[in-house]
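A.B. asks: Input structure: data-v2.txt, which contains compact mmCIF, C-alpha atoms.
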# COMPACT_ATOMS: atom_id res chain seq x y z
CA MET A 1 17.35 23.80 -15.80
CA SER A 2 20.41 24.58 -13.74
CA ARG A 3 21.88 21.97 -11.42
CA ARG A 4 20.76 22.47 -7.82
CA SER A 5 22.51 21.38 -4.67
CA PRO A 6 21.25 18.19 -3.01
CA ALA A 7 20.18 20.27 0.01
CA SER A 8 17.39 21.99 -1.92
CA LEU A 9 15.62 21.05 -5.12
CA GLY A 10 13.97 24.44 -5.52
CA ARG A 11 10.91 26.29 -4.23
CA GLY A 12 8.54 24.48 -6.59
CA PHE A 13 9.59 21.06 -5.39
CA ASN A 14 9.63 22.15 -1.74
CA LEU A 15 6.02 23.33 -1.97
CA PHE A 16 5.04 20.13 -3.74
CA TRP A 17 6.93 18.04 -1.20
CA THR A 18 5.35 19.83 1.75
CA GLY A 19 1.82 19.51 0.39
CA GLN A 20 2.24 15.84 -0.41
CA THR A 21 3.80 15.04 2.96
CA VAL A 22 0.80 16.54 4.77
CA SER A 23 -1.60 14.81 2.40
CA MET A 24 0.10 11.45 2.84
CA ALA A 25 -0.14 11.83 6.62
CA GLY A 26 -3.87 12.49 6.28
CA ASP A 27 -4.28 9.49 4.00
CA LYS A 28 -2.90 7.22 6.72
CA VAL A 29 -5.78 8.28 8.95
CA THR A 30 -8.39 7.24 6.38
CA VAL A 31 -6.61 4.00 5.48
CA PHE A 32 -6.58 3.07 9.18
CA VAL A 33 -10.00 4.39 10.18
CA VAL A 34 -12.19 3.00 7.36
CA PRO A 35 -11.55 -0.73 8.08
CA ALA A 36 -11.81 -0.12 11.84
CA LEU A 37 -15.05 1.78 11.32
CA MET A 38 -16.48 -1.06 9.24
CA ILE A 39 -15.44 -3.83 11.63
CA PHE A 40 -16.27 -2.15 14.96
CA ALA A 41 -19.06 0.34 14.13
CA LEU A 42 -20.81 -1.14 11.09
CA HIS A 43 -20.07 -4.78 12.05
CA ALA A 44 -19.22 -5.50 8.41
CA SER A 45 -18.39 -8.97 7.15
CA ALA A 46 -15.04 -9.90 5.60
CA LEU A 47 -16.71 -9.77 2.19
CA GLN A 48 -17.99 -6.23 2.81
CA VAL A 49 -14.49 -5.16 3.90
CA GLY A 50 -13.17 -6.64 0.66
CA ILE A 51 -15.80 -4.82 -1.40
CA VAL A 52 -14.91 -1.43 0.11
CA SER A 53 -11.21 -2.23 -0.31
CA MET A 54 -11.99 -2.92 -3.96
CA ALA A 55 -13.53 0.55 -4.23
CA GLN A 56 -10.16 2.09 -3.32
CA TYR A 57 -8.89 1.02 -6.74
CA LEU A 58 -12.09 1.00 -8.76
CA GLY A 59 -11.21 4.25 -10.50
CA ILE A 60 -8.36 2.52 -12.29
CA PRO A 61 -10.39 0.39 -14.71
CA LEU A 62 -13.25 2.92 -14.87
CA VAL A 63 -11.44 6.20 -15.55
CA GLY A 64 -7.82 5.10 -15.91
CA PRO A 65 -7.98 4.46 -19.67
CA VAL A 66 -8.88 8.09 -20.44
CA ALA A 67 -7.25 9.85 -17.48
CA GLY A 68 -3.79 10.10 -19.04
CA VAL A 69 -5.20 11.38 -22.31
CA LEU A 70 -7.24 14.06 -20.56
CA VAL A 71 -4.47 15.09 -18.17
CA ASP A 72 -2.16 15.64 -21.16
CA ARG A 73 -4.79 18.09 -22.50
CA TRP A 74 -5.26 19.94 -19.19
CA ASP A 75 -3.13 22.12 -16.97
CA LYS A 76 -1.70 19.49 -14.63
CA ARG A 77 -1.18 21.77 -11.63
CA ARG A 78 -4.81 22.92 -11.72
CA THR A 79 -5.97 19.35 -12.27
CA MET A 80 -4.17 18.17 -9.14
CA LEU A 81 -5.58 21.08 -7.12
CA THR A 82 -9.12 20.20 -8.25
CA CYS A 83 -8.57 16.53 -7.39
CA ASP A 84 -7.59 17.51 -3.85
CA LEU A 85 -10.82 19.45 -3.40
CA VAL A 86 -12.92 16.57 -4.76
CA ARG A 87 -11.24 14.14 -2.37
CA LEU A 88 -11.75 16.56 0.52
CA ALA A 89 -15.51 16.58 -0.10
CA ALA A 90 -15.76 12.79 -0.51
CA VAL A 91 -13.91 12.06 2.74
CA ALA A 92 -15.89 14.66 4.70
CA VAL A 93 -19.18 12.98 3.69
CA ILE A 94 -18.32 9.83 5.71
CA PRO A 95 -18.34 11.30 9.25
CA ILE A 96 -21.30 13.53 8.42
CA ALA A 97 -23.30 10.52 7.20
CA TYR A 98 -22.31 8.54 10.30
CA TRP A 99 -23.44 11.26 12.69
CA ARG A 100 -26.68 11.67 10.74
CA HIS A 101 -27.26 7.89 10.99
CA PHE A 102 -27.34 7.08 7.29
CA LEU A 103 -23.83 5.73 6.75
CA SER A 104 -23.90 2.30 5.11
CA THR A 105 -21.55 0.01 3.23
CA PRO A 106 -22.91 1.18 -0.17
CA LEU A 107 -22.42 4.85 0.74
CA LEU A 108 -18.96 4.14 2.09
CA PHE A 109 -18.21 2.27 -1.14
CA CYS A 110 -19.30 5.32 -3.19
CA CYS A 111 -17.22 7.78 -1.16
CA VAL A 112 -14.13 5.61 -1.40
CA ALA A 113 -14.71 5.11 -5.16
CA VAL A 114 -14.92 8.88 -5.73
CA VAL A 115 -11.63 9.32 -3.88
CA SER A 116 -10.18 6.55 -6.04
CA GLY A 117 -11.30 8.22 -9.28
CA ALA A 118 -9.88 11.60 -8.29
CA THR A 119 -6.65 9.93 -7.18
CA ILE A 120 -6.17 8.39 -10.63
CA PHE A 121 -6.09 11.83 -12.23
CA PHE A 122 -3.97 13.17 -9.38
CA ASN A 123 -1.36 10.41 -9.58
CA ILE A 124 -0.79 10.90 -13.30
CA GLY A 125 -0.05 14.56 -12.65
CA TYR A 126 2.07 13.54 -9.65
CA LEU A 127 4.40 11.46 -11.81
CA VAL A 128 4.70 14.29 -14.34
CA ALA A 129 5.23 16.89 -11.58
CA VAL A 130 8.58 15.63 -10.37
CA PRO A 131 10.50 15.85 -13.68
CA ALA A 132 8.71 19.14 -14.37
CA VAL A 133 10.01 20.93 -11.27
CA VAL A 134 13.47 19.39 -10.73
CA ALA A 135 16.56 18.89 -12.86
CA GLU A 136 16.97 15.57 -14.64
CA ASP A 137 19.91 14.58 -12.42
CA ASP A 138 17.75 15.17 -9.32
CA VAL A 139 14.78 12.98 -10.27
CA VAL A 140 15.89 9.94 -8.25
CA SER A 141 16.75 12.18 -5.29
CA ALA A 142 13.33 13.84 -5.51
CA TYR A 143 11.53 10.50 -5.55
CA SER A 144 13.65 9.35 -2.63
CA ARG A 145 12.59 12.41 -0.61
CA LEU A 146 8.94 11.85 -1.46
CA GLU A 147 9.27 8.17 -0.58
CA GLY A 148 11.01 9.19 2.64
CA SER A 149 8.11 11.47 3.52
CA GLY A 150 5.71 8.65 2.82
CA SER A 151 7.73 6.39 5.07
CA VAL A 152 7.83 8.97 7.87
CA THR A 153 4.06 9.30 7.70
CA ASP A 154 3.88 5.50 7.65
CA VAL A 155 5.82 5.48 10.93
CA ALA A 156 3.77 8.09 12.74
CA GLY A 157 0.50 7.68 10.86
CA PRO A 158 -0.96 4.44 12.29
CA SER A 159 -0.30 5.37 15.92
CA ILE A 160 -1.65 8.87 15.37
CA ALA A 161 -4.64 7.45 13.49
CA ALA A 162 -5.34 4.99 16.31
CA GLY A 163 -5.16 7.81 18.85
CA LEU A 164 -7.40 10.06 16.77
CA TYR A 165 -9.91 7.25 16.26
CA SER A 166 -9.95 6.53 20.00
CA ALA A 167 -10.46 10.23 20.78
CA LEU A 168 -12.64 11.40 17.89
CA GLY A 169 -14.12 8.24 16.40
CA VAL A 170 -15.16 8.74 12.79
CA GLY A 171 -14.44 12.47 13.21
CA ALA A 172 -10.77 11.58 12.73
CA LEU A 173 -11.49 11.55 9.00
CA PHE A 174 -11.71 15.33 9.06
CA VAL A 175 -7.94 15.30 9.56
CA ASP A 176 -7.55 13.72 6.12
CA ALA A 177 -10.03 16.22 4.66
CA ALA A 178 -7.94 19.09 6.06
CA SER A 179 -4.76 17.57 4.63
CA TYR A 180 -6.25 17.74 1.13
CA LEU A 181 -6.91 21.43 1.65
CA ILE A 182 -3.27 22.01 2.58
CA SER A 183 -2.13 20.05 -0.48
CA ALA A 184 -4.40 22.14 -2.71
CA ALA A 185 -2.95 25.33 -1.20
CA SER A 186 0.59 24.18 -2.01
CA PHE A 187 -0.35 23.83 -5.68
CA ARG A 188 -2.01 27.24 -5.59
CA PHE A 189 1.23 28.92 -4.51
CA MET A 190 3.53 27.09 -6.91
CA GLN A 191 4.72 28.77 -10.08
CA PRO A 192 2.86 27.56 -13.19
CA TRP A 193 4.06 24.22 -14.51
CA GLY A 194 2.56 21.23 -16.27
CA THR A 195 0.60 23.10 -18.93
CA LYS A 196 -1.09 20.90 -21.50
CA THR A 197 1.49 19.08 -23.60
CA VAL A 198 -0.65 17.40 -26.26
CA THR A 199 -3.69 18.78 -28.05
CA ALA A 200 -3.57 16.82 -31.31
CA GLY A 201 -5.06 13.40 -31.78
CA SER A 202 -8.31 11.88 -30.58
CA ILE A 203 -8.72 10.31 -27.16
CA ARG A 204 -8.77 6.89 -28.79
CA GLN A 205 -5.52 7.57 -30.66
CA ARG A 206 -3.74 8.82 -27.56
CA LEU A 207 -5.07 5.96 -25.47
CA THR A 208 -3.92 3.41 -28.02
CA LEU A 209 -0.52 5.09 -28.08
CA GLY A 210 -0.19 4.79 -24.30
CA PHE A 211 -0.79 1.05 -24.33
CA ARG A 212 1.49 0.58 -27.32
CA LEU A 213 4.33 2.55 -25.72
CA ASN A 214 4.22 0.42 -22.57
CA TRP A 215 4.16 -2.83 -24.49
CA ALA A 216 6.57 -2.04 -27.34
CA ASP A 217 9.46 -1.00 -25.11
CA PRO A 218 11.16 -4.13 -23.67
CA VAL A 219 11.98 -2.48 -20.33
CA LEU A 220 8.50 -1.01 -19.86
CA ARG A 221 6.92 -4.32 -20.84
CA ARG A 222 8.83 -6.18 -18.14
CA VAL A 223 8.03 -3.54 -15.52
CA VAL A 224 4.35 -3.83 -16.47
CA LEU A 225 4.35 -7.64 -16.23
CA ALA A 226 6.14 -7.54 -12.87
CA ALA A 227 3.73 -4.97 -11.47
CA VAL A 228 0.66 -6.87 -12.72
CA THR A 229 1.85 -10.04 -11.00
CA LEU A 230 2.69 -8.15 -7.81
CA ASN A 231 -0.72 -6.48 -7.75
CA ALA A 232 -2.55 -9.74 -8.40
CA GLY A 233 -1.45 -11.07 -5.00
CA GLY A 234 -0.30 -8.16 -2.84
CA PRO A 235 -3.76 -6.56 -2.35
CA VAL A 236 -5.06 -9.87 -0.99
CA PHE A 237 -2.46 -9.61 1.78
CA VAL A 238 -3.22 -5.94 2.51
CA THR A 239 -7.02 -6.36 2.47
CA VAL A 240 -7.00 -9.30 4.85
CA LEU A 241 -4.42 -7.86 7.29
CA PRO A 242 -6.90 -5.83 9.42
CA ILE A 243 -9.32 -8.78 9.46
CA LEU A 244 -6.50 -11.00 10.72
CA ALA A 245 -5.46 -8.40 13.30
CA TYR A 246 -8.87 -7.47 14.69
CA ARG A 247 -10.89 -10.66 14.34
CA GLY A 248 -8.28 -13.41 14.07
CA LEU A 249 -5.73 -12.17 16.60
CA HIS A 250 -8.11 -9.94 18.63
CA LEU A 251 -5.79 -6.93 18.66
CA SER A 252 -7.11 -3.53 19.70
CA THR A 253 -6.89 -0.56 17.34
CA GLY A 254 -4.15 0.85 19.57
CA ALA A 255 -2.05 -2.32 19.42
CA PHE A 256 -2.49 -2.67 15.67
CA GLY A 257 -1.66 1.00 15.14
CA ALA A 258 1.48 0.69 17.25
CA ALA A 259 2.58 -2.42 15.33
CA MET A 260 2.10 -0.69 11.99
CA SER A 261 4.02 2.38 13.17
CA ILE A 262 6.95 0.22 14.24
CA ALA A 263 6.73 -1.62 10.96
CA ALA A 264 6.91 1.59 8.98
CA VAL A 265 10.42 2.23 10.29
CA GLY A 266 11.53 -0.39 7.78
CA ALA A 267 9.88 1.54 4.96
CA LEU A 268 11.59 4.73 6.09
CA ILE A 269 15.00 3.06 6.13
CA GLY A 270 14.27 1.64 2.69
CA ALA A 271 13.47 5.07 1.29
CA LEU A 272 16.73 6.46 2.68
CA VAL A 273 19.03 3.72 1.42
CA ALA A 274 17.28 2.77 -1.84
CA PRO A 275 19.12 5.40 -3.96
CA LYS A 276 22.47 4.12 -2.67
CA ILE A 277 21.51 0.51 -3.33
CA ALA A 278 20.27 1.40 -6.82
CA ALA A 279 23.42 3.40 -7.55
CA ARG A 280 25.58 0.42 -6.66
CA PHE A 281 23.60 -2.44 -8.16
CA GLY A 282 21.47 -0.66 -10.79
CA LEU A 283 17.82 0.37 -10.85
CA GLY A 284 16.65 -2.78 -12.62
CA ARG A 285 18.55 -5.22 -10.42
CA THR A 286 17.42 -3.49 -7.23
CA PHE A 287 13.83 -3.47 -8.50
CA ALA A 288 13.86 -7.20 -9.26
CA TRP A 289 15.42 -8.48 -6.06
CA SER A 290 13.31 -6.12 -3.95
CA LEU A 291 10.19 -7.66 -5.52
CA LEU A 292 11.27 -11.16 -4.53
CA ALA A 293 12.33 -10.21 -1.01
CA HIS A 294 9.18 -8.13 -0.47
CA ASN A 295 6.95 -11.13 -1.00
CA LEU A 296 8.99 -13.80 0.75
CA ILE A 297 9.23 -11.61 3.84
CA GLY A 298 5.43 -11.32 3.85
CA LEU A 299 5.21 -15.01 4.76
CA GLY A 300 6.53 -14.06 8.17
CA ILE A 301 2.96 -13.15 9.13
CA LEU A 302 2.33 -16.91 9.51
CA ALA A 303 4.37 -16.87 12.72
CA ALA A 304 1.37 -15.38 14.56
CA PRO A 305 -0.15 -16.40 16.92
CA ALA A 306 2.64 -18.87 17.80
CA LEU A 307 4.77 -15.79 18.51
CA PRO A 308 3.42 -12.50 19.96
CA PRO A 309 1.09 -11.12 17.26
CA THR A 310 1.99 -7.45 17.68
CA ALA A 311 5.71 -8.22 17.31
CA VAL A 312 5.11 -10.52 14.33
CA ILE A 313 3.11 -7.87 12.47
CA ALA A 314 5.67 -5.16 13.29
CA VAL A 315 8.72 -7.16 12.17
CA THR A 316 7.10 -8.68 9.08
CA MET A 317 5.68 -5.41 7.86
CA ALA A 318 8.99 -3.62 8.52
CA GLY A 319 10.75 -5.90 6.04
CA TYR A 320 7.76 -5.76 3.72
CA GLY A 321 7.83 -1.96 3.75
CA PHE A 322 11.62 -1.73 3.34
CA CYS A 323 11.45 -3.66 0.08
CA MET A 324 8.36 -1.78 -1.12
CA SER A 325 10.23 1.51 -0.72
CA CYS A 326 13.06 0.14 -2.85
CA ILE A 327 10.55 -0.97 -5.49
CA ASN A 328 8.87 2.45 -5.61
CA VAL A 329 12.11 4.44 -5.72
CA CYS A 330 13.37 2.36 -8.67
CA SER A 331 10.17 1.92 -10.67
CA ALA A 332 9.23 5.49 -11.64
CA PRO A 333 12.73 6.67 -12.75
CA THR A 334 13.17 3.47 -14.78
CA ARG A 335 9.90 4.08 -16.64
CA GLN A 336 10.48 7.81 -17.10
CA SER A 337 13.92 7.20 -18.59
CA ARG A 338 12.25 5.33 -21.44
CA MET A 339 9.76 8.00 -22.46
CA THR A 340 9.78 11.52 -23.93
CA ALA A 341 8.13 14.35 -21.97
CA GLU A 342 5.14 14.79 -24.29
CA ASN A 343 4.07 11.17 -23.79
CA GLN A 344 4.70 10.87 -20.04
CA GLY A 345 1.05 11.38 -19.06
CA VAL A 346 -0.46 8.87 -21.46
CA MET A 347 2.30 6.35 -20.72
CA HIS A 348 1.73 6.58 -16.97
CA ALA A 349 -2.04 6.33 -17.40
CA ALA A 350 -1.79 3.18 -19.51
CA TYR A 351 0.71 1.77 -17.02
CA ARG A 352 -1.77 2.36 -14.19
CA VAL A 353 -4.53 0.63 -16.13
CA PHE A 354 -2.29 -2.33 -16.92
CA THR A 355 -0.88 -2.75 -13.44
CA TRP A 356 -3.54 -1.45 -11.06
CA GLY A 357 -6.54 -2.77 -12.97
CA VAL A 358 -6.14 -6.14 -11.23
CA ILE A 359 -6.13 -4.65 -7.72
CA PRO A 360 -9.92 -4.30 -7.27
CA LEU A 361 -10.40 -7.96 -8.16
CA ALA A 362 -7.54 -9.02 -5.87
CA ALA A 363 -9.00 -7.04 -2.96
CA LEU A 364 -12.43 -8.59 -3.55
CA VAL A 365 -10.90 -12.07 -3.73
CA GLY A 366 -9.18 -11.46 -0.39
CA GLY A 367 -12.41 -10.61 1.42
CA LEU A 368 -14.45 -13.26 -0.38
CA GLY A 369 -11.86 -15.96 0.29
CA VAL A 370 -11.86 -15.27 4.03
CA SER A 371 -15.68 -15.33 4.06
CA LEU A 372 -15.81 -18.68 2.26
CA LEU A 373 -13.08 -20.35 4.32
CA THR A 374 -14.11 -19.07 7.74
CA GLY A 375 -16.86 -21.68 8.11
CA SER A 376 -14.42 -24.60 7.84
CA LEU A 377 -11.16 -23.06 9.09
CA GLY A 378 -12.14 -20.21 11.37
CA VAL A 379 -11.33 -16.57 10.69
CA LEU A 380 -7.72 -16.86 11.90
CA ASP A 381 -6.66 -19.72 9.63
CA ALA A 382 -8.80 -18.45 6.76
CA SER A 383 -6.95 -15.13 6.92
CA ARG A 384 -3.56 -16.84 7.11
CA VAL A 385 -4.31 -19.05 4.10
CA MET A 386 -5.45 -16.12 1.94
CA MET A 387 -2.49 -13.92 2.92
CA ALA A 388 0.04 -16.67 2.23
CA GLY A 389 -1.56 -17.49 -1.12
CA GLY A 390 -1.57 -13.88 -2.24
CA THR A 391 2.04 -13.40 -1.20
CA LEU A 392 3.27 -16.50 -3.04
CA LEU A 393 1.44 -15.44 -6.20
CA ALA A 394 2.99 -11.97 -6.06
CA ALA A 395 6.49 -13.46 -5.68
CA PHE A 396 6.41 -14.55 -9.34
CA SER A 397 6.82 -10.85 -10.26
CA PHE A 398 10.56 -11.44 -9.88
CA LEU A 399 10.65 -13.54 -13.05
CA SER A 400 9.58 -10.63 -15.28
CA ALA A 401 11.86 -8.11 -13.59
CA ILE A 402 15.15 -10.01 -13.57
CA ARG A 403 15.90 -9.14 -17.22
CA ILE A 404 15.43 -5.38 -16.81
CA GLN A 405 18.98 -4.55 -15.72
CA PRO A 406 20.72 -6.18 -18.74
CA LEU A 407 18.43 -4.18 -21.03
CA LEU A 408 19.23 -0.93 -19.19
CA ASP A 409 22.96 -1.72 -19.35
CA ALA A 410 22.73 -2.39 -23.09
CA ALA A 411 20.91 0.91 -23.67
CA GLU A 412 23.52 2.78 -21.64
CA ALA A 413 26.35 1.18 -23.60
CA GLU A 414 24.65 2.11 -26.86
CA ARG A 415 24.31 5.75 -25.73
CA ALA A 416 27.99 5.79 -24.77
CA VAL A 417 28.99 4.57 -28.22
CA GLU A 418 26.79 7.19 -29.89
CA SER A 419 28.23 9.94 -27.70
CA GLY A 420 31.75 8.83 -28.50
CA ALA A 421 30.98 8.85 -32.19
CA GLU A 422 29.53 12.36 -31.99
CA LEU A 423 32.58 13.63 -30.12
CA ALA A 424 34.89 12.03 -32.67
CA GLY A 425 32.91 13.61 -35.49
CA SER A 426 33.11 17.05 -33.84
CA ALA A 427 36.85 16.72 -33.31
CA SER A 428 37.44 15.80 -36.94
Using C-alpha cells, write down the structure that the file contains.

C.D. replies:
Amino acid sequence: MSRRSPASLGRGFNLFWTGQTVSMAGDKVTVFVVPALMIFALHASALQVGIVSMAQYLGIPLVGPVAGVLVDRWDKRRTMLTCDLVRLAAVAVIPIAYWRHFLSTPLLFCCVAVVSGATIFFNIGYLVAVPAVVAEDDVVSAYSRLEGSGSVTDVAGPSIAAGLYSALGVGALFVDAASYLISAASFRFMQPWGTKTVTAGSIRQRLTLGFRLNWADPVLRRVVLAAVTLNAGGPVFVTVLPILAYRGLHLSTGAFGAAMSIAAVGALIGALVAPKIAARFGLGRTFAWSLLAHNLIGLGILAAPALPPTAVIAVTMAGYGFCMSCINVCSAPTRQSRMTAENQGVMHAAYRVFTWGVIPLAALVGGLGVSLLTGSLGVLDASRVMMAGGTLLAAFSFLSAIRIQPLLDAAEAERAVESGAELAGSAS
C-alpha cells in the first residue's frame, strides 16, 4: 500500500473513522444513562448496579474464546455491520420496555449482555480493520486519531448525555441506537476489506493457537499480565464512581455530567500527545509509566468531599483519562507488531479473554463491596474504600510492563543486524 500523507489516511479509513466517532458518541449516552436510570428510576441497590455493570463485560468469558476463531473465518466488514444492527436492537429495547412498564434489572442485564456479546465480535474486527485499511507506517497515527475521536466524545458526551436524559429521560437511549445505524452505514459504503483469512483448522486448534501466541511471545505475555492486573482493579473504580457521585456526594446528573466532560479534556490531550511521547520514549516505556500514573492519579478521588466534589471528580478523571489514552495508543500497535496478519484475529480474541475476562468479576466486587460496607461505613466511605482498593490493586500492572521496552529494543536491534547482513550479502 502506498504511503499516504498524514492529512488523510484514505477513504476507507475516513469512513471507518466517521462511523466509529458517531458510534462512540452514542455509547457515551448509554454509559451515562443506564446507571442514572437504575439509581433514580429503578431505585436499584449498589449490588444491582454492580450486576448490570458486570453484564457490560459478560460477553468476554462467554463468547470471547470462540469469537476470534469465528471472525477469522468470516468477512470482517460484514461481521462488524451485523454487530452494529444487533446492538441497535438491544439498546432500543430498554426505552420501549420502560415505557411499557416492564423494564426490570434482569431485563436490563440481558440487554446490556447482548450488547456486550456483539461488541466482542465487533472489537476483534475493529483491531483488524485499522491495519487492513491504512499503511503500516500510519497505524499509530490511525489509532491516535481514533483515540482522539474517543476523547472528543468523552469531552462532549457526558454533558450531552445529561442534557438528553434531563430532556428525554430513557428516550435518550435512542440516540445511541441511531449511532449504531450510522456506523453500520459507514461499513456498507466502504470498499471490501477483511475477508476471511483462515479456513483451515478446527475451532479448538485455532483457539489453542491464540492463547499460545499470547503467552509464548515475551512482549505479548507482559502486556497480557499488565492488562489483567489493571482490569482486576480498574472496573471496581469505574463501577462505584456513579454510586459515589449520586448517593455519596449527592451530585445531580447535570453536575456529574459536567464534571465528566471537563475530565475528558485530559483524555483528549492524552490522545493528541501520546504518539509524540511514544516516539520519544518508546511504546513499551510509555505504556508502563502510563499504567502507574493512571492508577496513582485515581487516588485523587479521596479528596472529596473535603474539597468541592465536582472539581475533584473533574481533575482526578482528567489525569486518569490522559494516562488511559496513552495506554490505549501504545497497547494495540505493540501487540500487532508481534503478530502476522493471518493470526491477528485469534490473537486479539485470546488477548481479550485473558485481559477482559476478569472485568465482570471486578465490577460485581465493586457493587457488592459497597453494599456490604455501607451498613458500617455509610455509602460515601464505603465507595471511597472500594475505589481506593481497586486503584491500588491495578497499580501493580506497572511491574509486568516495565520490561517491555528492553525487549522491543532488543528485537529492533536484531532486525537491524539482519537487514545489514542482507544488504552486505546483496552488495557482495

A.B. asks: Hey, which of A:Ile359, A:Ile182, A:Met387, A:Leu407 ends up closest to Leu85 in chain A? Count only C-alpha atoms.

C.D. replies: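 So, comparing all the options, the nearest one is A:Ile182.
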
A.B. asks: Kindly give the distance, in Å, that separates CA of Leu364 in chain A and CA of Gly378 in chain A, rounded to a single decimal.

C.D. replies: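 Distance between the two atoms: 18.9 Å.
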
A.B. asks: Hey, what's within 12 Å of Gly321 in chain A if we count all atoms listed in the file and toss same-chain stuff fewer than 5 positions away? As an MDAnalysis selection string, please?

C.D. replies: chainID A and resid 147:148 150:152 154:155 238 260:271 274 290:291 293:295 297:298 313:316 326:328

A.B. asks: Can you tell me which residues surround range 158-170 of chain A at a distance of at most 12 Å, considering all atoms listed in the file, apart from same-chain residues fewer than 2 positions away, and format the answer as a ChimeraX atom specification?

C.D. replies: /A:24-38,40-42,91-99,103,151-156,172-176,252-265,314

A.B. asks: Within 8 Å of (4.7, 23.7, -3.7) in the file's own coordinates, which protein, DNA or RNA residues have an atom, counting all atoms listed in the file? List them as a compact mmCIF listing (two decimals) with C-alpha atoms, in the frame of the given file.

C.D. replies:
# COMPACT_ATOMS: atom_id res chain seq x y z
CA ARG A 11 10.91 26.29 -4.23
CA GLY A 12 8.54 24.48 -6.59
CA PHE A 13 9.59 21.06 -5.39
CA ASN A 14 9.63 22.15 -1.74
CA LEU A 15 6.02 23.33 -1.97
CA PHE A 16 5.04 20.13 -3.74
CA TRP A 17 6.93 18.04 -1.20
CA THR A 18 5.35 19.83 1.75
CA GLY A 19 1.82 19.51 0.39
CA SER A 186 0.59 24.18 -2.01
CA PHE A 187 -0.35 23.83 -5.68
CA ARG A 188 -2.01 27.24 -5.59
CA PHE A 189 1.23 28.92 -4.51
CA MET A 190 3.53 27.09 -6.91

A.B. asks: Which residues of range 68-132 of chain A come within 12 Å of range 335-340 of chain A, and what is each one's closest atom pair and distance in Å (one decimal), counting all atoms listed in the file, sorted by chain and residue number, as CSV?

C.D. replies:
residue,atom,partner,partner_atom,distance
A:Leu127,CA,A:Gln336,CA,8.8
A:Val128,CA,A:Gln336,CA,9.1
A:Ala129,CA,A:Gln336,CA,11.9
A:Val130,CA,A:Gln336,CA,10.5
A:Pro131,CA,A:Gln336,CA,8.7
A:Ala132,CA,A:Gln336,CA,11.8

A.B. asks: How many Å separate CA of Arg352 in chain A from CA of Arg73 in chain A?

C.D. replies: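 These atoms are spaced 18.0 Å apart.
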
A.B. asks: Pick out the residues sitting within 12 Å of Ala411 in chain A, and hand them over as a PyMOL selection string; count all atoms listed in the file, and ignore anything fewer than 4 positions along from it in its own chain.

C.D. replies: chain A and resi 217-219+337-338+404-407+415-418

A.B. asks: Quick one: residues within 10 Å of Met54 in chain A, all atoms listed in the file, excluding same-chain residues fewer than 2 positions away - as a list in words?

C.D. replies: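 My reading of the contact set: Gln48, Val49, Gly50, Ile51, Val52, Gln56, Tyr57, Leu58, Gly59, Phe109, Val112, Ala113, Ser116, Pro235, Thr239, Val358, Ile359, Pro360, Leu361, Ala362, Ala363, Leu364, Val365, Gly366 and Gly367 of chain A.
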
A.B. asks: Write to file, as an mmCIF file, keeping the file's coordinate frame, the residues of the selection just made, with C-alpha atoms.

C.D. replies:
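Once everything was written out, this is again36.cif:
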data_model
loop_
_atom_site.group_PDB
_atom_site.id
_atom_site.type_symbol
_atom_site.label_atom_id
_atom_site.label_comp_id
_atom_site.auth_asym_id
_atom_site.auth_seq_id
_atom_site.Cartn_x
_atom_site.Cartn_y
_atom_site.Cartn_z
ATOM 1 C CA GLN A 48 -17.990 -6.230 2.810
ATOM 2 C CA VAL A 49 -14.490 -5.160 3.900
ATOM 3 C CA GLY A 50 -13.170 -6.640 0.660
ATOM 4 C CA ILE A 51 -15.800 -4.820 -1.400
ATOM 5 C CA VAL A 52 -14.910 -1.430 0.110
ATOM 6 C CA GLN A 56 -10.160 2.090 -3.320
ATOM 7 C CA TYR A 57 -8.890 1.020 -6.740
ATOM 8 C CA LEU A 58 -12.090 1.000 -8.760
ATOM 9 C CA GLY A 59 -11.210 4.250 -10.500
ATOM 10 C CA PHE A 109 -18.210 2.270 -1.140
ATOM 11 C CA VAL A 112 -14.130 5.610 -1.400
ATOM 12 C CA ALA A 113 -14.710 5.110 -5.160
ATOM 13 C CA SER A 116 -10.180 6.550 -6.040
ATOM 14 C CA PRO A 235 -3.760 -6.560 -2.350
ATOM 15 C CA THR A 239 -7.020 -6.360 2.470
ATOM 16 C CA VAL A 358 -6.140 -6.140 -11.230
ATOM 17 C CA ILE A 359 -6.130 -4.650 -7.720
ATOM 18 C CA PRO A 360 -9.920 -4.300 -7.270
ATOM 19 C CA LEU A 361 -10.400 -7.960 -8.160
ATOM 20 C CA ALA A 362 -7.540 -9.020 -5.870
ATOM 21 C CA ALA A 363 -9.000 -7.040 -2.960
ATOM 22 C CA LEU A 364 -12.430 -8.590 -3.550
ATOM 23 C CA VAL A 365 -10.900 -12.070 -3.730
ATOM 24 C CA GLY A 366 -9.180 -11.460 -0.390
ATOM 25 C CA GLY A 367 -12.410 -10.610 1.420
#

A.B. asks: I need the residue nearest Ala184 in chain A from this list: A:Leu107, A:Ile60, A:Gln20, A:Arg280. Use all atoms listed in the file for the distance.

C.D. replies: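 Closest residue, counting all atoms listed in the file: A:Gln20.
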
A.B. asks: A:Leu251, A:Leu146, A:Val66, A:Val353: which is nearest Pro305 in chain A, counting all atoms listed in the file?

C.D. replies: A:Leu251

A.B. asks: State, in Å with one decimal place, the distance from CA of Val240 in chain A to CA of Val312 in chain A.

C.D. replies: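 One can read the CA of Val240 in chain A to CA of Val312 in chain A distance as 15.4 Å.
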
A.B. asks: Between A:Ala142, A:Leu230, A:Leu244, A:Leu181, which is the closest to Ala288 in chain A once you count all atoms listed in the file?

C.D. replies: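 For Ala288 in chain A, the nearest of the given residues is A:Leu230.
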
A.B. asks: Calculated over all atoms listed in the file, which of the candidates A:Val133, A:Val114, A:Leu296, A:Ala177 has the smallest distance to Ala394 in chain A?

C.D. replies: A:Leu296

A.B. asks: Looking at all atoms listed in the file, which of A:Gly157, A:Gly117, A:Gly10, A:Gly389 is the one that sits closest to Ala55 in chain A?

C.D. replies: A:Gly117

A.B. asks: So that all listed atoms of range 61-71 of chain A fit with 6 Å spare on each side, what axis-aligned box centre and edge lengths in Å, to one decimal, would you give as lines of an AutoDock Vina configuration file?

C.D. replies:
center_x = -8.5
center_y = 7.7
center_z = -18.5
size_x = 21.5
size_y = 26.7
size_z = 19.6
